[in-house]
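Structure data (mmCIF, C-alpha atoms and all ligand atoms; chains and numbers go by the auth columns) from upload-v9.cif:
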```cif
data_run
#
loop_
_atom_site.group_PDB
_atom_site.id
_atom_site.type_symbol
_atom_site.label_atom_id
_atom_site.label_comp_id
_atom_site.label_asym_id
_atom_site.label_seq_id
_atom_site.Cartn_x
_atom_site.Cartn_y
_atom_site.Cartn_z
_atom_site.B_iso_or_equiv
_atom_site.auth_seq_id
_atom_site.auth_asym_id
ATOM 1 C CA MET A 1 2.603 26.403 -35.171 0.00 1 A
ATOM 2 C CA LEU A 2 3.397 29.989 -34.255 0.00 2 A
ATOM 3 C CA LYS A 3 2.158 29.277 -30.779 0.00 3 A
ATOM 4 C CA LYS A 4 4.463 26.295 -30.562 0.00 4 A
ATOM 5 C CA ILE A 5 7.489 28.345 -31.602 0.00 5 A
ATOM 6 C CA PHE A 6 6.570 31.022 -29.109 0.00 6 A
ATOM 7 C CA GLU A 7 6.251 28.450 -26.352 0.00 7 A
ATOM 8 C CA LYS A 8 9.605 26.981 -27.168 0.00 8 A
ATOM 9 C CA PHE A 9 11.481 30.245 -27.005 0.00 9 A
ATOM 10 C CA SER A 10 9.423 32.023 -24.400 0.00 10 A
ATOM 11 C CA THR A 11 11.544 33.187 -21.492 0.00 11 A
ATOM 12 C CA GLU A 12 8.569 34.374 -19.508 0.00 12 A
ATOM 13 C CA LYS A 13 9.264 33.851 -15.824 0.00 13 A
ATOM 14 C CA VAL A 14 6.476 32.189 -13.936 0.00 14 A
ATOM 15 C CA ASP A 15 5.819 32.761 -10.276 0.00 15 A
ATOM 16 C CA PHE A 16 5.150 29.219 -9.146 0.00 16 A
ATOM 17 C CA LYS A 17 4.006 30.509 -5.775 0.00 17 A
ATOM 18 C CA ILE A 18 0.533 30.805 -7.331 0.00 18 A
ATOM 19 C CA PHE A 19 0.292 27.075 -6.704 0.00 19 A
ATOM 20 C CA ASP A 20 -0.524 26.554 -3.062 0.00 20 A
ATOM 21 C CA TYR A 21 1.184 23.199 -2.763 0.00 21 A
ATOM 22 C CA ASP A 22 4.696 21.871 -2.373 0.00 22 A
ATOM 23 C CA LEU A 23 6.067 21.844 -5.917 0.00 23 A
ATOM 24 C CA THR A 24 9.364 20.503 -7.246 0.00 24 A
ATOM 25 C CA ILE A 25 10.396 20.891 -10.876 0.00 25 A
ATOM 26 C CA LYS A 26 13.055 18.500 -12.090 0.00 26 A
ATOM 27 C CA LYS A 27 14.565 19.297 -15.464 0.00 27 A
ATOM 28 C CA THR A 28 16.712 16.499 -16.812 0.00 28 A
ATOM 29 C CA LYS A 29 18.437 15.618 -20.047 0.00 29 A
ATOM 30 C CA LYS A 30 17.005 12.127 -19.824 0.00 30 A
ATOM 31 C CA LYS A 31 13.339 13.165 -19.998 0.00 31 A
ATOM 32 C CA LYS A 32 11.650 13.502 -23.370 0.00 32 A
ATOM 33 C CA THR A 33 8.171 14.296 -22.084 0.00 33 A
ATOM 34 C CA ILE A 34 6.638 16.094 -19.133 0.00 34 A
ATOM 35 C CA SER A 35 5.203 14.043 -16.287 0.00 35 A
ATOM 36 C CA ILE A 36 3.529 14.981 -13.032 0.00 36 A
ATOM 37 C CA ILE A 37 3.320 12.830 -9.944 0.00 37 A
ATOM 38 C CA VAL A 38 1.804 13.515 -6.557 0.00 38 A
ATOM 39 C CA ARG A 39 3.758 11.702 -3.866 0.00 39 A
ATOM 40 C CA ASN A 40 3.181 12.112 -0.146 0.00 40 A
ATOM 41 C CA GLY A 41 1.140 15.230 -0.790 0.00 41 A
ATOM 42 C CA ARG A 42 3.918 16.820 -2.862 0.00 42 A
ATOM 43 C CA VAL A 43 3.822 17.584 -6.563 0.00 43 A
ATOM 44 C CA ILE A 44 6.821 16.667 -8.697 0.00 44 A
ATOM 45 C CA VAL A 45 7.099 17.746 -12.319 0.00 45 A
ATOM 46 C CA SER A 46 9.766 15.990 -14.367 0.00 46 A
ATOM 47 C CA CYS A 47 10.502 17.476 -17.757 0.00 47 A
ATOM 48 C CA PRO A 48 13.107 17.858 -20.512 0.00 48 A
ATOM 49 C CA ILE A 49 15.802 20.423 -19.812 0.00 49 A
ATOM 50 C CA TRP A 50 14.538 22.875 -22.452 0.00 50 A
ATOM 51 C CA THR A 51 10.967 23.081 -21.105 0.00 51 A
ATOM 52 C CA VAL A 52 9.890 26.690 -20.618 0.00 52 A
ATOM 53 C CA GLU A 53 8.210 27.722 -17.389 0.00 53 A
ATOM 54 C CA SER A 54 5.007 28.914 -19.083 0.00 54 A
ATOM 55 C CA LYS A 55 4.488 25.445 -20.476 0.00 55 A
ATOM 56 C CA ILE A 56 4.879 23.886 -17.011 0.00 56 A
ATOM 57 C CA LYS A 57 2.421 26.397 -15.586 0.00 57 A
ATOM 58 C CA LYS A 58 -0.098 25.586 -18.313 0.00 58 A
ATOM 59 C CA ILE A 59 0.089 21.877 -17.647 0.00 59 A
ATOM 60 C CA LEU A 60 -0.167 22.348 -13.887 0.00 60 A
ATOM 61 C CA LEU A 61 -3.273 24.480 -14.370 0.00 61 A
ATOM 62 C CA SER A 62 -4.865 21.934 -16.671 0.00 62 A
ATOM 63 C CA LYS A 63 -4.235 19.175 -14.103 0.00 63 A
ATOM 64 C CA GLU A 64 -5.306 21.269 -11.108 0.00 64 A
ATOM 65 C CA LYS A 65 -8.358 19.144 -10.279 0.00 65 A
ATOM 66 C CA TRP A 66 -6.446 15.863 -10.412 0.00 66 A
ATOM 67 C CA ILE A 67 -3.574 17.305 -8.350 0.00 67 A
ATOM 68 C CA LYS A 68 -5.889 18.681 -5.643 0.00 68 A
ATOM 69 C CA LYS A 69 -7.772 15.378 -5.465 0.00 69 A
ATOM 70 C CA ASN A 70 -4.557 13.456 -4.874 0.00 70 A
ATOM 71 C CA ILE A 71 -3.272 15.905 -2.276 0.00 71 A
ATOM 72 C CA ASN A 72 -6.623 15.629 -0.455 0.00 72 A
ATOM 73 C CA ILE A 73 -6.492 11.839 -0.423 0.00 73 A
ATOM 74 C CA TYR A 74 -3.001 12.043 1.092 0.00 74 A
ATOM 75 C CA THR A 75 -4.089 14.556 3.754 0.00 75 A
ATOM 76 C CA GLN A 76 -7.128 12.482 4.721 0.00 76 A
ATOM 77 C CA ARG A 77 -4.994 9.358 5.010 0.00 77 A
ATOM 78 C CA GLU A 78 -2.429 11.158 7.139 0.00 78 A
ATOM 79 C CA ASP A 79 -5.257 12.318 9.439 0.00 79 A
ATOM 80 C CA ILE A 80 -6.491 8.747 9.905 0.00 80 A
ATOM 81 C CA ILE A 81 -2.954 7.468 10.555 0.00 81 A
ATOM 82 C CA ASN A 82 -2.316 10.226 13.103 0.00 82 A
ATOM 83 C CA ASP A 83 -5.674 9.616 14.815 0.00 83 A
ATOM 84 C CA ASN A 84 -4.856 5.923 15.143 0.00 84 A
ATOM 85 C CA LYS A 85 -1.417 6.729 16.528 0.00 85 A
ATOM 86 C CA ARG A 86 -2.783 9.260 18.980 0.00 86 A
ATOM 87 C CA ASN A 87 -5.412 6.828 20.215 0.00 87 A
ATOM 88 C CA GLY A 88 -3.027 3.870 20.304 0.00 88 A
ATOM 89 C CA ILE A 89 -5.064 1.894 17.791 0.00 89 A
ATOM 90 C CA TYR A 90 -3.547 -1.077 15.990 0.00 90 A
ATOM 91 C CA LEU A 91 -5.112 -3.368 13.409 0.00 91 A
ATOM 92 C CA PHE A 92 -5.352 -7.110 13.785 0.00 92 A
ATOM 93 C CA LYS A 93 -7.429 -9.186 11.341 0.00 93 A
ATOM 94 C CA GLY A 94 -9.428 -6.082 10.515 0.00 94 A
ATOM 95 C CA GLU A 95 -10.221 -5.262 14.149 0.00 95 A
ATOM 96 C CA LYS A 96 -9.137 -2.062 15.789 0.00 96 A
ATOM 97 C CA VAL A 97 -7.310 -3.091 18.928 0.00 97 A
ATOM 98 C CA LYS A 98 -5.560 -1.272 21.733 0.00 98 A
ATOM 99 C CA LEU A 99 -2.554 -2.416 23.670 0.00 99 A
ATOM 100 C CA LYS A 100 -2.449 -3.272 27.349 0.00 100 A
ATOM 101 C CA TYR A 101 0.770 -3.669 29.249 0.00 101 A
ATOM 102 C CA GLU A 102 1.935 -5.745 32.144 0.00 102 A
ATOM 103 C CA ASN A 103 5.291 -5.463 33.785 0.00 103 A
ATOM 104 C CA PHE A 104 6.833 -8.893 33.452 0.00 104 A
ATOM 105 C CA LEU A 105 10.324 -10.290 33.283 0.00 105 A
ATOM 106 C CA ILE A 106 9.572 -12.749 30.491 0.00 106 A
ATOM 107 C CA GLU A 107 8.360 -10.932 27.366 0.00 107 A
ATOM 108 C CA SER A 108 5.229 -12.124 25.591 0.00 108 A
ATOM 109 C CA VAL A 109 2.402 -10.880 23.397 0.00 109 A
ATOM 110 C CA ASN A 110 -1.155 -12.250 23.538 0.00 110 A
ATOM 111 C CA TYR A 111 -4.388 -11.401 21.792 0.00 111 A
ATOM 112 C CA LYS A 112 -7.352 -11.125 24.161 0.00 112 A
ATOM 113 C CA ASP A 113 -10.629 -10.470 22.351 0.00 113 A
ATOM 114 C CA ASN A 114 -10.366 -6.740 21.796 0.00 114 A
ATOM 115 C CA TYR A 115 -6.913 -5.907 23.007 0.00 115 A
ATOM 116 C CA ILE A 116 -3.349 -7.122 22.763 0.00 116 A
ATOM 117 C CA LEU A 117 -1.561 -7.804 26.015 0.00 117 A
ATOM 118 C CA ILE A 118 2.128 -7.019 26.034 0.00 118 A
ATOM 119 C CA ARG A 119 4.214 -8.325 28.876 0.00 119 A
ATOM 120 C CA THR A 120 7.606 -6.753 29.184 0.00 120 A
ATOM 121 C CA SER A 121 9.845 -4.814 31.515 0.00 121 A
ATOM 122 C CA ASN A 122 11.024 -2.508 28.727 0.00 122 A
ATOM 123 C CA PHE A 123 8.185 -0.191 27.715 0.00 123 A
ATOM 124 C CA SER A 124 10.143 1.908 25.220 0.00 124 A
ATOM 125 C CA ASN A 125 8.382 2.520 21.889 0.00 125 A
ATOM 126 C CA THR A 126 11.138 0.723 20.012 0.00 126 A
ATOM 127 C CA ASN A 127 10.838 -2.403 22.126 0.00 127 A
ATOM 128 C CA VAL A 128 7.020 -2.455 22.068 0.00 128 A
ATOM 129 C CA ASP A 129 7.084 -1.991 18.272 0.00 129 A
ATOM 130 C CA LYS A 130 9.613 -4.786 17.920 0.00 130 A
ATOM 131 C CA LEU A 131 7.615 -7.180 20.115 0.00 131 A
ATOM 132 C CA LEU A 132 4.386 -6.352 18.344 0.00 132 A
ATOM 133 C CA SER A 133 5.696 -6.607 14.796 0.00 133 A
ATOM 134 C CA GLU A 134 7.441 -9.911 15.551 0.00 134 A
ATOM 135 C CA TRP A 135 4.232 -11.247 17.047 0.00 135 A
ATOM 136 C CA LEU A 136 2.167 -10.037 14.069 0.00 136 A
ATOM 137 C CA ARG A 137 4.581 -11.685 11.637 0.00 137 A
ATOM 138 C CA LEU A 138 4.292 -14.934 13.552 0.00 138 A
ATOM 139 C CA GLN A 139 0.482 -14.725 13.514 0.00 139 A
ATOM 140 C CA ALA A 140 0.644 -13.916 9.786 0.00 140 A
ATOM 141 C CA THR A 141 2.863 -16.914 9.049 0.00 141 A
ATOM 142 C CA ARG A 142 0.579 -19.322 10.906 0.00 142 A
ATOM 143 C CA TYR A 143 -2.663 -17.925 9.558 0.00 143 A
ATOM 144 C CA ILE A 144 -1.535 -17.495 5.954 0.00 144 A
ATOM 145 C CA ARG A 145 -0.159 -21.045 5.891 0.00 145 A
ATOM 146 C CA LYS A 146 -3.520 -22.360 7.112 0.00 146 A
ATOM 147 C CA ARG A 147 -5.597 -20.349 4.643 0.00 147 A
ATOM 148 C CA LEU A 148 -3.322 -21.170 1.711 0.00 148 A
ATOM 149 C CA LYS A 149 -3.611 -24.876 2.469 0.00 149 A
ATOM 150 C CA PHE A 150 -7.400 -24.532 2.701 0.00 150 A
ATOM 151 C CA TYR A 151 -7.738 -22.804 -0.682 0.00 151 A
ATOM 152 C CA SER A 152 -5.116 -24.973 -2.347 0.00 152 A
ATOM 153 C CA ASP A 153 -7.237 -28.034 -1.431 0.00 153 A
ATOM 154 C CA LEU A 154 -10.531 -26.379 -2.331 0.00 154 A
ATOM 155 C CA MET A 155 -9.324 -25.111 -5.698 0.00 155 A
ATOM 156 C CA HIS A 156 -7.230 -28.226 -6.479 0.00 156 A
ATOM 157 C CA ILE A 157 -4.221 -26.058 -7.197 0.00 157 A
ATOM 158 C CA LYS A 158 -0.837 -27.123 -5.917 0.00 158 A
ATOM 159 C CA PHE A 159 1.797 -24.534 -4.986 0.00 159 A
ATOM 160 C CA SER A 160 5.455 -25.366 -4.497 0.00 160 A
ATOM 161 C CA ASN A 161 6.423 -23.057 -1.671 0.00 161 A
ATOM 162 C CA LEU A 162 5.134 -20.247 0.538 0.00 162 A
ATOM 163 C CA LEU A 163 7.154 -17.199 1.485 0.00 163 A
ATOM 164 C CA ILE A 164 5.962 -14.536 3.902 0.00 164 A
ATOM 165 C CA LYS A 165 7.620 -11.223 3.116 0.00 165 A
ATOM 166 C CA SER A 166 7.539 -7.568 3.967 0.00 166 A
ATOM 167 C CA TYR A 167 6.558 -5.731 0.819 0.00 167 A
ATOM 168 C CA ARG A 168 5.907 -2.010 0.629 0.00 168 A
ATOM 169 C CA SER A 169 3.995 -1.858 -2.607 0.00 169 A
ATOM 170 C CA ARG A 170 2.530 -5.273 -3.275 0.00 170 A
ATOM 171 C CA TRP A 171 0.369 -7.773 -1.439 0.00 171 A
ATOM 172 C CA GLY A 172 1.476 -10.974 -3.012 0.00 172 A
ATOM 173 C CA SER A 173 3.133 -12.637 -5.959 0.00 173 A
ATOM 174 C CA CYS A 174 3.403 -15.997 -7.655 0.00 174 A
ATOM 175 C CA ASP A 175 6.285 -17.169 -9.841 0.00 175 A
ATOM 176 C CA THR A 176 6.301 -19.672 -12.702 0.00 176 A
ATOM 177 C CA LYS A 177 7.443 -22.450 -10.367 0.00 177 A
ATOM 178 C CA GLY A 178 4.351 -22.047 -8.205 0.00 178 A
ATOM 179 C CA LYS A 179 6.104 -20.264 -5.376 0.00 179 A
ATOM 180 C CA ILE A 180 3.668 -17.976 -3.601 0.00 180 A
ATOM 181 C CA THR A 181 4.755 -14.919 -1.666 0.00 181 A
ATOM 182 C CA ILE A 182 2.354 -13.069 0.645 0.00 182 A
ATOM 183 C CA ASN A 183 2.881 -9.759 2.434 0.00 183 A
ATOM 184 C CA TRP A 184 2.702 -10.360 6.204 0.00 184 A
ATOM 185 C CA ARG A 185 1.013 -6.968 6.689 0.00 185 A
ATOM 186 C CA LEU A 186 -2.223 -8.526 5.412 0.00 186 A
ATOM 187 C CA ILE A 187 -2.710 -10.022 8.889 0.00 187 A
ATOM 188 C CA MET A 188 -3.863 -6.516 9.854 0.00 188 A
ATOM 189 C CA ALA A 189 -6.597 -6.541 7.185 0.00 189 A
ATOM 190 C CA PRO A 190 -10.004 -8.246 7.502 0.00 190 A
ATOM 191 C CA PRO A 191 -9.691 -12.021 6.831 0.00 191 A
ATOM 192 C CA SER A 192 -11.711 -11.697 3.630 0.00 192 A
ATOM 193 C CA ILE A 193 -8.992 -9.473 2.150 0.00 193 A
ATOM 194 C CA LEU A 194 -6.240 -11.965 2.901 0.00 194 A
ATOM 195 C CA ASP A 195 -8.390 -14.732 1.396 0.00 195 A
ATOM 196 C CA TYR A 196 -8.769 -12.684 -1.770 0.00 196 A
ATOM 197 C CA VAL A 197 -4.984 -12.211 -2.114 0.00 197 A
ATOM 198 C CA ILE A 198 -4.435 -15.948 -1.559 0.00 198 A
ATOM 199 C CA ILE A 199 -7.069 -16.884 -4.161 0.00 199 A
ATOM 200 C CA HIS A 200 -5.582 -14.297 -6.534 0.00 200 A
ATOM 201 C CA GLU A 201 -2.067 -15.712 -6.262 0.00 201 A
ATOM 202 C CA LEU A 202 -3.212 -19.351 -6.433 0.00 202 A
ATOM 203 C CA SER A 203 -5.206 -18.536 -9.577 0.00 203 A
ATOM 204 C CA HIS A 204 -1.984 -17.305 -11.168 0.00 204 A
ATOM 205 C CA ILE A 205 -0.684 -20.872 -11.232 0.00 205 A
ATOM 206 C CA PRO A 206 -3.121 -22.013 -13.950 0.00 206 A
ATOM 207 C CA HIS A 207 -3.470 -18.445 -15.312 0.00 207 A
ATOM 208 C CA PRO A 208 -0.154 -16.556 -15.217 0.00 208 A
ATOM 209 C CA ASN A 209 -1.790 -13.319 -16.426 0.00 209 A
ATOM 210 C CA HIS A 210 -4.673 -10.955 -15.662 0.00 210 A
ATOM 211 C CA SER A 211 -6.911 -12.199 -18.460 0.00 211 A
ATOM 212 C CA LYS A 212 -10.682 -12.448 -18.383 0.00 212 A
ATOM 213 C CA THR A 213 -10.409 -16.182 -17.655 0.00 213 A
ATOM 214 C CA PHE A 214 -8.173 -15.401 -14.685 0.00 214 A
ATOM 215 C CA TRP A 215 -10.758 -13.062 -13.130 0.00 215 A
ATOM 216 C CA MET A 216 -13.558 -15.549 -13.877 0.00 216 A
ATOM 217 C CA HIS A 217 -11.530 -18.149 -12.023 0.00 217 A
ATOM 218 C CA ILE A 218 -11.239 -15.884 -8.967 0.00 218 A
ATOM 219 C CA LYS A 219 -14.957 -15.138 -9.123 0.00 219 A
ATOM 220 C CA LYS A 220 -15.766 -18.844 -8.722 0.00 220 A
ATOM 221 C CA TYR A 221 -14.232 -18.806 -5.244 0.00 221 A
ATOM 222 C CA LYS A 222 -14.810 -15.180 -4.347 0.00 222 A
ATOM 223 C CA PRO A 223 -17.892 -13.789 -6.127 0.00 223 A
ATOM 224 C CA TYR A 224 -17.418 -10.343 -4.567 0.00 224 A
ATOM 225 C CA TYR A 225 -13.663 -10.171 -5.018 0.00 225 A
ATOM 226 C CA GLN A 226 -13.981 -6.651 -6.454 0.00 226 A
ATOM 227 C CA ARG A 227 -15.038 -5.448 -3.026 0.00 227 A
ATOM 228 C CA ASP A 228 -11.829 -6.851 -1.518 0.00 228 A
ATOM 229 C CA ALA A 229 -9.676 -5.438 -4.294 0.00 229 A
ATOM 230 C CA ASN A 230 -11.255 -2.015 -3.705 0.00 230 A
ATOM 231 C CA TRP A 231 -10.699 -2.294 0.029 0.00 231 A
ATOM 232 C CA LEU A 232 -6.989 -2.802 -0.611 0.00 232 A
ATOM 233 C CA LYS A 233 -6.828 0.179 -2.941 0.00 233 A
ATOM 234 C CA GLU A 234 -8.556 2.445 -0.450 0.00 234 A
ATOM 235 C CA ASN A 235 -7.229 1.112 2.853 0.00 235 A
ATOM 236 C CA GLY A 236 -3.937 -0.553 1.983 0.00 236 A
ATOM 237 C CA PHE A 237 -2.097 2.525 3.279 0.00 237 A
ATOM 238 C CA LEU A 238 -3.277 1.608 6.799 0.00 238 A
ATOM 239 C CA LEU A 239 -1.346 -1.644 6.684 0.00 239 A
ATOM 240 C CA ASN A 240 1.784 0.209 5.646 0.00 240 A
ATOM 241 C CA SER A 241 1.467 2.960 8.210 0.00 241 A
ATOM 242 C CA GLN A 242 2.820 0.931 11.099 0.00 242 A
ATOM 243 C CA PHE A 243 6.054 -0.994 11.613 0.00 243 A
ATOM 244 C CA VAL A 244 8.426 0.565 9.104 0.00 244 A
HETATM 245 ZN ZN ZN B . -2.111 -10.780 -10.190 0.00 301 A
#
```
As C-alpha cells, what does this structure read like?
Amino acid sequence: MLKKIFEKFSTEKVDFKIFDYDLTIKKTKKKKTISIIVRNGRVIVSCPIWTVESKIKKILLSKEKWIKKNINIYTQREDIINDNKRNGIYLFKGEKVKLKYENFLIESVNYKDNYILIRTSNFSNTNVDKLLSEWLRLQATRYIRKRLKFYSDLMHIKFSNLLIKSYRSRWGSCDTKGKITINWRLIMAPPSILDYVIIHELSHIPHPNHSKTFWMHIKKYKPYYQRDANWLKENGFLLNSQFV
C-alpha cells in the first residue's frame, strides 16, 4: 500500500535515454490503463495523464524481452524488404521473379516462366509500379475467381458474390449474405496460401464463427491449414511491402 502511494506521488524524473529504442510516451485523459505497443520498430506507451515516470520505467523494464523481440522482428523484415528492392525481386504466386523490360509503344505485361516482361516506353518507377500492380490485380481477379469456383463446387457451398479488394490488414472476409472478399495481394503468395484463405472464407458461410467445428471443416479440405495460416503470420508483411 505504502509503495502504491509512493508510486502515485513520486516525482522522480526518469532518464528515458537508458532505453536504446525510439520511445514515445502518450499521456491522455482518455486512458485508464497503461499499454505498450511496438509499431514499425518504435515503442509507444499510452497511459493515464497522472502516470508517474518511475512507473513507466518499471513497466518498460519488465517488458524488455518482449519489446526487443518485436523490434528485432521488424528489423529483420525491413532487411528482407530492402534486399528484395535492391535486387529487383517481386513475388508472383510464391515465386521470386525479376522484371525484364522492352521498349515498346504499346504497353503490356507478361509472365514468362521466371521473369515478368514489361513492355513500355516510359520506364519511370511510378509507371512500372502502376503497370505491374494493375497486371497483378488482373491476374488475382482471374485466378481467385477460378479457385473460388473450384472450392465452392468441391465443398458444396454457394457464395453470393466475390469482391477483390486491397486490404492492408486482412486477407479475406465473408458477410452474412455469403459475399466473399479476398485481398488481391494474395496473388503474390504461394497458391496453397490463397487456397487456404478461400477455404477459410467459404467455411464461414455454414460456420459464421471461429469455433472448433469451423476449424474441423477447414481441416477436411486442407489438413495442413495451420502451415498456411503460419505462413501468412510470418510472411504476410512481404505481400504488403510492395504497391502501396
Ligand atoms: Zn475467419
What lies within 7 Å of stretch 138-146 of chain A using only C-alpha atoms, ignoring chain neighbours under 4 positions off, as a compact mmCIF listing (two decimals) with C-alpha atoms, in the coordinates of the input?
```txt
# COMPACT_ATOMS: atom_id res chain seq x y z
CA GLU A 134 7.44 -9.91 15.55
CA PHE A 150 -7.40 -24.53 2.70
CA ILE A 164 5.96 -14.54 3.90
CA TRP A 184 2.70 -10.36 6.20
CA ILE A 187 -2.71 -10.02 8.89
```
Each residue of chain A lying at most 12 Å from ligand ZN 301 (chain A) should get a row with its shortest atom-to-atom pair and the distance in Å to one decimal, counting all atoms listed in the file; could you produce that, ordered by chain and increasing number, as a tab-separated table?
```
residue	atom	partner	partner_atom	distance
A:Arg170	CA	A:ZN301	ZN	10.0
A:Trp171	CA	A:ZN301	ZN	9.6
A:Gly172	CA	A:ZN301	ZN	8.0
A:Ser173	CA	A:ZN301	ZN	7.0
A:Cys174	CA	A:ZN301	ZN	8.0
A:Asp175	CA	A:ZN301	ZN	10.6
A:Ile180	CA	A:ZN301	ZN	11.3
A:Thr181	CA	A:ZN301	ZN	11.7
A:Ile182	CA	A:ZN301	ZN	11.9
A:Tyr196	CA	A:ZN301	ZN	10.9
A:Val197	CA	A:ZN301	ZN	8.7
A:Ile198	CA	A:ZN301	ZN	10.3
A:Ile199	CA	A:ZN301	ZN	9.9
A:His200	CA	A:ZN301	ZN	6.1
A:Glu201	CA	A:ZN301	ZN	6.3
A:Leu202	CA	A:ZN301	ZN	9.4
A:Ser203	CA	A:ZN301	ZN	8.4
A:His204	CA	A:ZN301	ZN	6.6
A:Ile205	CA	A:ZN301	ZN	10.2
A:Pro206	CA	A:ZN301	ZN	11.9
A:His207	CA	A:ZN301	ZN	9.3
A:Pro208	CA	A:ZN301	ZN	7.9
A:Asn209	CA	A:ZN301	ZN	6.7
A:His210	CA	A:ZN301	ZN	6.0
A:Ser211	CA	A:ZN301	ZN	9.7
A:Lys212	CA	A:ZN301	ZN	12.0
A:Phe214	CA	A:ZN301	ZN	8.8
A:Trp215	CA	A:ZN301	ZN	9.4
A:Ile218	CA	A:ZN301	ZN	10.5
A:Ala229	CA	A:ZN301	ZN	11.0
```
First collect every listed atom of stretch 107-111 of chain A; then fit an axis-aligned box around them, widen it by 6 Å on each side, and give centre and edge lengths in Å to one decimal, as lines of an AutoDock Vina configuration file.
```
center_x = 2.0
center_y = -11.6
center_z = 24.6
size_x = 24.7
size_y = 13.4
size_z = 17.6
```
Step by step, work through what the PyMOL selection byres (((chain A and resi 101) around 10) and not hetatm) selects in the shown file, and finish by giving those residues as a compact mmCIF listing (two decimals) with C-alpha atoms, in the frame of the given file.
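Output saved as part03.txt:
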```
# COMPACT_ATOMS: atom_id res chain seq x y z
CA LEU A 99 -2.55 -2.42 23.67
CA LYS A 100 -2.45 -3.27 27.35
CA GLU A 102 1.94 -5.74 32.14
CA ASN A 103 5.29 -5.46 33.78
CA PHE A 104 6.83 -8.89 33.45
CA VAL A 109 2.40 -10.88 23.40
CA ILE A 116 -3.35 -7.12 22.76
CA LEU A 117 -1.56 -7.80 26.02
CA ILE A 118 2.13 -7.02 26.03
CA ARG A 119 4.21 -8.32 28.88
CA THR A 120 7.61 -6.75 29.18
CA SER A 121 9.85 -4.81 31.52
CA PHE A 123 8.18 -0.19 27.72
CA VAL A 128 7.02 -2.46 22.07
```
Picked residues, the PyMOL selection byres (((chain A and resi 21) around 10) and not hetatm), as a count of residues only
14
Identify the residues around (5.2, 28.2, -14.6) within a radius of 8 Å, measuring from all atoms listed in the file in the coordinates stated by the file, and give them as a list in words.
Lys13, Val14, Asp15, Phe16, Val52, Glu53, Ser54, Lys55, Ile56, Lys57, Lys58 and Leu60 of chain A
Could you take the residues named above and write them with C-alpha atoms, as a PDB file, in the frame of the given file?
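Heads up, here's the output in part.pdb:
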```
ATOM      1  CA  LYS A  13       9.264  33.851 -15.824  1.00  0.00           C
ATOM      2  CA  VAL A  14       6.476  32.189 -13.936  1.00  0.00           C
ATOM      3  CA  ASP A  15       5.819  32.761 -10.276  1.00  0.00           C
ATOM      4  CA  PHE A  16       5.150  29.219  -9.146  1.00  0.00           C
ATOM      5  CA  VAL A  52       9.890  26.690 -20.618  1.00  0.00           C
ATOM      6  CA  GLU A  53       8.210  27.722 -17.389  1.00  0.00           C
ATOM      7  CA  SER A  54       5.007  28.914 -19.083  1.00  0.00           C
ATOM      8  CA  LYS A  55       4.488  25.445 -20.476  1.00  0.00           C
ATOM      9  CA  ILE A  56       4.879  23.886 -17.011  1.00  0.00           C
ATOM     10  CA  LYS A  57       2.421  26.397 -15.586  1.00  0.00           C
ATOM     11  CA  LYS A  58      -0.098  25.586 -18.313  1.00  0.00           C
ATOM     12  CA  LEU A  60      -0.167  22.348 -13.887  1.00  0.00           C
TER      13      LEU A  60
END
```
May I ask for the distance between atom CA of A:Ser46 and atom CA of A:Lys27, given in Å to one decimal place?
5.9 Å
A:Asn114 surroundings by only C-alpha atoms, 12 Å radius, close-in-sequence under 2 positions cut, as a PyMOL selection string
chain A and resi 89-100+110-112+116-117
What separation in Å, quoted to one decimal, exists between atom CA of A:Leu136 and atom CA of A:Leu194?
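Separation of atom CA of A:Leu136 and atom CA of A:Leu194: 14.1 Å.
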Atom pair atom CA of A:Arg39 / atom CA of A:Ile73: separation (Å)
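Atom CA of A:Ile73 lies at a distance of 10.8 Å from atom CA of A:Arg39.
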Which of A:Thr126, A:Ser62, A:Asn161, A:Thr51 sits closest to A:Gly178 [using all atoms listed in the file]:
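Of all the options, A:Asn161 lies closest to A:Gly178.
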Evaluate the PyMOL selection byres (((chain A and resi 31) around 8) and not hetatm) against this structure - the residues, as a PyMOL selection string, please.
chain A and resi 27-30+32-34+46-49
Could you model N, CA and C atoms for stretch 195-203 of chain A and present them as a short mmCIF file (atom, residue, chain, number, x, y, z; two decimals), keeping the file's coordinate frame?
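And here's rebuild_17.cif as it stands now:
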```
data_model
loop_
_atom_site.label_atom_id
_atom_site.label_comp_id
_atom_site.auth_asym_id
_atom_site.auth_seq_id
_atom_site.Cartn_x
_atom_site.Cartn_y
_atom_site.Cartn_z
N ASP A 195 -7.89 -13.63 2.22
CA ASP A 195 -8.39 -14.73 1.40
C ASP A 195 -8.35 -14.35 -0.08
N TYR A 196 -8.76 -13.13 -0.37
CA TYR A 196 -8.77 -12.68 -1.77
C TYR A 196 -7.35 -12.73 -2.36
N VAL A 197 -6.37 -12.23 -1.60
CA VAL A 197 -4.98 -12.21 -2.11
C VAL A 197 -4.49 -13.65 -2.34
N ILE A 198 -4.84 -14.55 -1.42
CA ILE A 198 -4.43 -15.95 -1.56
C ILE A 198 -5.07 -16.57 -2.81
N ILE A 199 -6.37 -16.34 -2.99
CA ILE A 199 -7.07 -16.88 -4.16
C ILE A 199 -6.48 -16.29 -5.45
N HIS A 200 -6.17 -14.99 -5.38
CA HIS A 200 -5.58 -14.30 -6.53
C HIS A 200 -4.25 -14.96 -6.93
N GLU A 201 -3.39 -15.15 -5.96
CA GLU A 201 -2.07 -15.71 -6.26
C GLU A 201 -2.17 -17.18 -6.68
N LEU A 202 -3.04 -17.94 -6.03
CA LEU A 202 -3.21 -19.35 -6.43
C LEU A 202 -3.73 -19.44 -7.87
N SER A 203 -4.63 -18.53 -8.23
CA SER A 203 -5.21 -18.54 -9.58
C SER A 203 -4.16 -18.22 -10.64
#
```
